[in-house]
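Step one of this worksheet: look at the structure below.
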Amino acid sequence: MITEKDVLKALERVIGPDQMPLSQSSALGGISIKDGKIYLTIAVNPEQAAKYEPMRRSAEGAIKALPGGYQAFVTLTAEARPKMSQPTASQPNHSHAGPKATAARAGTAIEGVKHIIAVASGKGGVGKSTTAANLALGLAASGWRVGVLDADIYGPSMPRIFGISGKPELIDNRIMKPHEVYGLKVMSIGFLVEEETAMIWRGPMVMSAITQMLREVAWGELDVLVVDMPPGTGDAQLTMAQAVPLSGAVIVSTPQDLALIDARRGIAMFKRVNVPILGLVENMSYFICPHCHTRSDIFAHGGARHEATRLNVPFLGEVPLEMAIRATSDSGKPLMATQPTGPHAQSYLQIAQNVRSQLEGKPMRAAPRIIVE
């Protein structure tokens with residue numbers, strides 16, 4: 001059984017950013033050992049993150065060399081500095097303790113990936129993952145090379161939506177090979193843990209897992225990587241905004257006021273960290289009875305369109321509350337893959353076209369690095 005003391009001993013051979021052995025360095029964050037995995041963070045100057053990437057890998061290698069075949073999740077985090085050379089945008093609190101986060105310098109791009117977009121929602125239960133999966137398939141139908149990253153650590157849905165199971169293959173015992181289905185490359189934390197396993201992870205563990213799924217996956221050449229984010233505005237969202245240059249965010253909401261309140265928070269969070277809002281999707285927009293063909297606005301209708309106008313962000317489209325969408329997602333055969341010419345697929349195709357039109361011709365943008373003060 002590996003202990004924290006064993007990890008510190010292994011890190012004695014790795015030189016930290018202050019030229020001290022990492023085991024004695026003040027840059028070393030907390031160490032967590034759980035379920036055959038070891039997590040730790042190293043605080044570095046955000047402007048020198050690329051310089052310390054070899055150190056991060058050396059720390060991972062030292063941990064992996066420990067007996068027992070433990071997996072290593074090592075993340076570089078930004079250290080707060082009293083003064084910054086460039087103006088920053090303030091960021092609302094993202095933890096119960098109330099620290100302030102600000103946007104600083106960029107994270108680095110993923111080799112071969114032209115655009116990375118986040119599909120997010122302010123709350124759960126609005127159909128974000130189903131929208132992300134069908135949006136990805138819609139972008140692929142337009143001729144783009146597309147990957148899907150399921151970053152919803154606490155509730156990964158992509159294994160079920162795409163009907164995929166099994167751990168990914170390893171390349172050179174380090175790089176994970178994504179699963180491929182319906183022309184997409186797909187990676188999810190759900191491939192690494194059992195479906196019913198509760199992910200009781202703290203912030204550093206979440207940050208490390210997301211970073212590894214971004215950086216240590218053989219994505220290859222992609223026009224766009226669609227990232228299914230967990231609901232809310234916490235560590236996962238800040239990690240994503242910090243780690244890679246997001247080309248934009250798609251916000252999913254249902255039409256009623258309670259959902260739109262949380263959607264506003266999601267939009268505000270991405271704006272605070274300088275991530276463009278590609279637009280708002282109204283999911284479960286209306287319901288057509290299959291028997292009498294009467295339309296019912298179960299969750300009201302048009303709220304997301306009105307909110308997009310009020311906030312001056314694009315409205316990407318509306319998707320009905322439809323049993324076929326639910327059934328195909330539950331069965332692992334998403335609607336855009338199995339009914340691509342059906343009437344409901346047209347909603348996703350239009351949303352995909354609206355997203356693609358905003359991304360085409362735009363250069364890769366710089367991502368902010370989030371600094372907690």
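Each chain of the structure tokens is named A, B, ... in the order shown, its residues numbered from 1; ligands are numbered from 1 in display order.
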
Can you list, as a compact mmCIF listing (two decimals) with C-alpha atoms, in the first residue's frame, every residue of range 113-298 of chain A that DSSP puts in alpha helix (DSSP H)?
# COMPACT_ATOMS: atom_id res chain seq x y z
CA LYS A 128 -26.60 19.07 -22.17
CA SER A 129 -24.88 15.73 -22.88
CA THR A 130 -27.46 14.66 -25.46
CA THR A 131 -27.07 18.04 -27.13
CA ALA A 132 -23.26 17.77 -27.09
CA ALA A 133 -23.33 14.29 -28.65
CA ASN A 134 -25.75 15.23 -31.42
CA LEU A 135 -23.97 18.54 -32.04
CA ALA A 136 -20.73 16.60 -32.53
CA LEU A 137 -22.45 14.25 -34.97
CA GLY A 138 -23.94 17.24 -36.78
CA LEU A 139 -20.50 18.81 -37.17
CA ALA A 140 -19.15 15.47 -38.44
CA ALA A 141 -22.01 15.27 -40.96
CA MET A 158 -21.03 9.59 -23.30
CA PRO A 159 -20.35 5.87 -22.73
CA ARG A 160 -24.12 5.28 -22.51
CA ILE A 161 -25.10 7.72 -25.28
CA PHE A 162 -22.62 6.22 -27.76
CA GLY A 203 -10.91 19.91 -6.95
CA PRO A 204 -7.26 18.90 -7.60
CA MET A 205 -8.33 15.38 -8.58
CA VAL A 206 -10.92 16.76 -11.02
CA MET A 207 -8.37 19.17 -12.49
CA SER A 208 -5.81 16.41 -12.93
CA ALA A 209 -8.26 14.04 -14.61
CA ILE A 210 -9.45 16.68 -17.09
CA THR A 211 -5.88 17.73 -17.88
CA GLN A 212 -4.86 14.14 -18.54
CA MET A 213 -7.84 13.48 -20.81
CA LEU A 214 -6.97 16.61 -22.76
CA ARG A 215 -3.21 16.16 -23.00
CA ASP A 235 -13.30 23.70 -10.82
CA ALA A 236 -13.91 21.79 -14.05
CA GLN A 237 -14.98 24.91 -15.95
CA LEU A 238 -12.06 26.95 -14.66
CA THR A 239 -9.62 24.14 -15.45
CA MET A 240 -10.90 23.89 -19.02
CA ALA A 241 -10.70 27.66 -19.53
CA GLN A 242 -7.18 27.66 -18.09
CA ALA A 243 -5.74 24.57 -19.74
CA ASP A 257 -37.16 30.87 -15.87
CA LEU A 258 -35.53 28.60 -13.26
CA ALA A 259 -33.21 27.07 -15.87
CA LEU A 260 -32.47 30.41 -17.49
CA ILE A 261 -31.28 31.85 -14.18
CA ASP A 262 -28.53 29.23 -14.13
CA ALA A 263 -27.82 29.65 -17.83
CA ARG A 264 -27.10 33.33 -17.16
CA ARG A 265 -24.53 32.30 -14.55
CA GLY A 266 -22.84 30.01 -17.05
CA ILE A 267 -22.68 32.75 -19.68
CA ALA A 268 -21.33 35.22 -17.12
CA MET A 269 -18.63 32.78 -16.00
CA PHE A 270 -17.30 32.17 -19.53
CA LYS A 271 -17.37 35.88 -20.29
CA ARG A 272 -15.37 36.61 -17.14

Run DSSP on the backbone and grab whatever in range 161-306 of chain A lands in strand (DSSP E or B); send it over as JSON, numbers by chain. {"A": [170, 171, 175, 176, 179, 180, 181, 184, 185, 186, 187, 188, 217, 222, 223, 224, 225, 226, 227, 228, 248, 249, 250, 251, 252, 253, 277, 278, 279, 280, 281, 282, 287, 288, 295, 296, 298, 300]}

Output C-alpha atoms for every residue in the selection just made, as a CSV table (one decimal), in the first residue's frame.
chain,number,residue,atom,x,y,z
A,170,LEU,CA,-2.5,2.7,-24.2
A,171,ILE,CA,0.2,3.9,-26.6
A,175,ILE,CA,-1.0,8.0,-24.2
A,176,MET,CA,-4.7,6.8,-24.3
A,179,HIS,CA,-12.7,5.0,-28.8
A,180,GLU,CA,-14.0,5.6,-32.3
A,181,VAL,CA,-17.7,5.4,-33.1
A,184,LEU,CA,-16.1,10.4,-33.9
A,185,LYS,CA,-13.2,10.0,-31.5
A,186,VAL,CA,-14.5,9.8,-27.9
A,187,MET,CA,-12.9,9.9,-24.5
A,188,SER,CA,-14.6,9.8,-21.1
A,217,VAL,CA,-5.0,11.2,-25.5
A,222,LEU,CA,-9.3,17.3,-35.5
A,223,ASP,CA,-11.3,20.2,-36.8
A,224,VAL,CA,-13.1,20.5,-33.5
A,225,LEU,CA,-13.1,18.9,-30.1
A,226,VAL,CA,-16.5,19.1,-28.4
A,227,VAL,CA,-16.2,19.0,-24.7
A,228,ASP,CA,-19.2,18.0,-22.6
A,248,GLY,CA,-16.1,29.3,-27.5
A,249,ALA,CA,-18.9,27.9,-25.4
A,250,VAL,CA,-22.3,26.6,-26.2
A,251,ILE,CA,-24.8,27.1,-23.4
A,252,VAL,CA,-27.8,24.6,-23.2
A,253,SER,CA,-31.0,25.6,-21.3
A,277,ILE,CA,-20.1,32.6,-26.2
A,278,LEU,CA,-21.0,30.8,-29.5
A,279,GLY,CA,-24.6,30.8,-28.5
A,280,LEU,CA,-27.6,29.5,-26.5
A,281,VAL,CA,-29.6,26.3,-27.3
A,282,GLU,CA,-33.2,25.9,-26.1
A,287,PHE,CA,-43.7,18.9,-27.2
A,288,ILE,CA,-45.9,17.5,-30.0
A,295,ARG,CA,-48.4,21.1,-29.4
A,296,SER,CA,-47.7,21.7,-25.7
A,298,ILE,CA,-44.4,22.0,-21.2
A,300,ALA,CA,-42.8,27.3,-21.6

Here is a test: counting only C-alpha atoms, which residue of A:Asn45, A:Gly30, A:Ala308, A:Met55 is nearest to Arg13 in chain A?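 Among the listed residues, A:Met55 lies closest to Arg13 in chain A.
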
Have a look at A:Ser121, A:Ser329, A:Thr75, A:Asn173 and name the one nearest to Met229 in chain A; count only C-alpha atoms.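 For Met229 in chain A, the nearest of the given residues is A:Ser121.
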
Any idea what's packed within 7 Å of Pro156 in chain A, counting only C-alpha atoms, ignoring anything in its chain fewer than 5 positions away? Could you give it as a PyMOL selection string? chain A and resi 150+188-190

Find the distance between CA of Lys51 in chain A and CA of Lys37 in chain A and write it in Å to one decimal.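 We find that CA of Lys51 in chain A and CA of Lys37 in chain A lie 25.5 Å from each other.
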
Contacts of Tyr286 in chain A at 10 Å (only C-alpha atoms; same-chain gap of 5+ positions) as a list of chain:residue names: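 The residues that qualify are A:Thr254, A:Pro255, A:Arg295, A:Ser296, A:Asp297, A:Ile298, A:Phe299, A:Ala300, A:His301, A:Gly302, A:Glu318, A:Val319, A:Pro320, A:Leu321, A:Glu322.
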
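You will find CA of Gly155 in chain A at 7.5 Å from CA of Pro230 in chain A.
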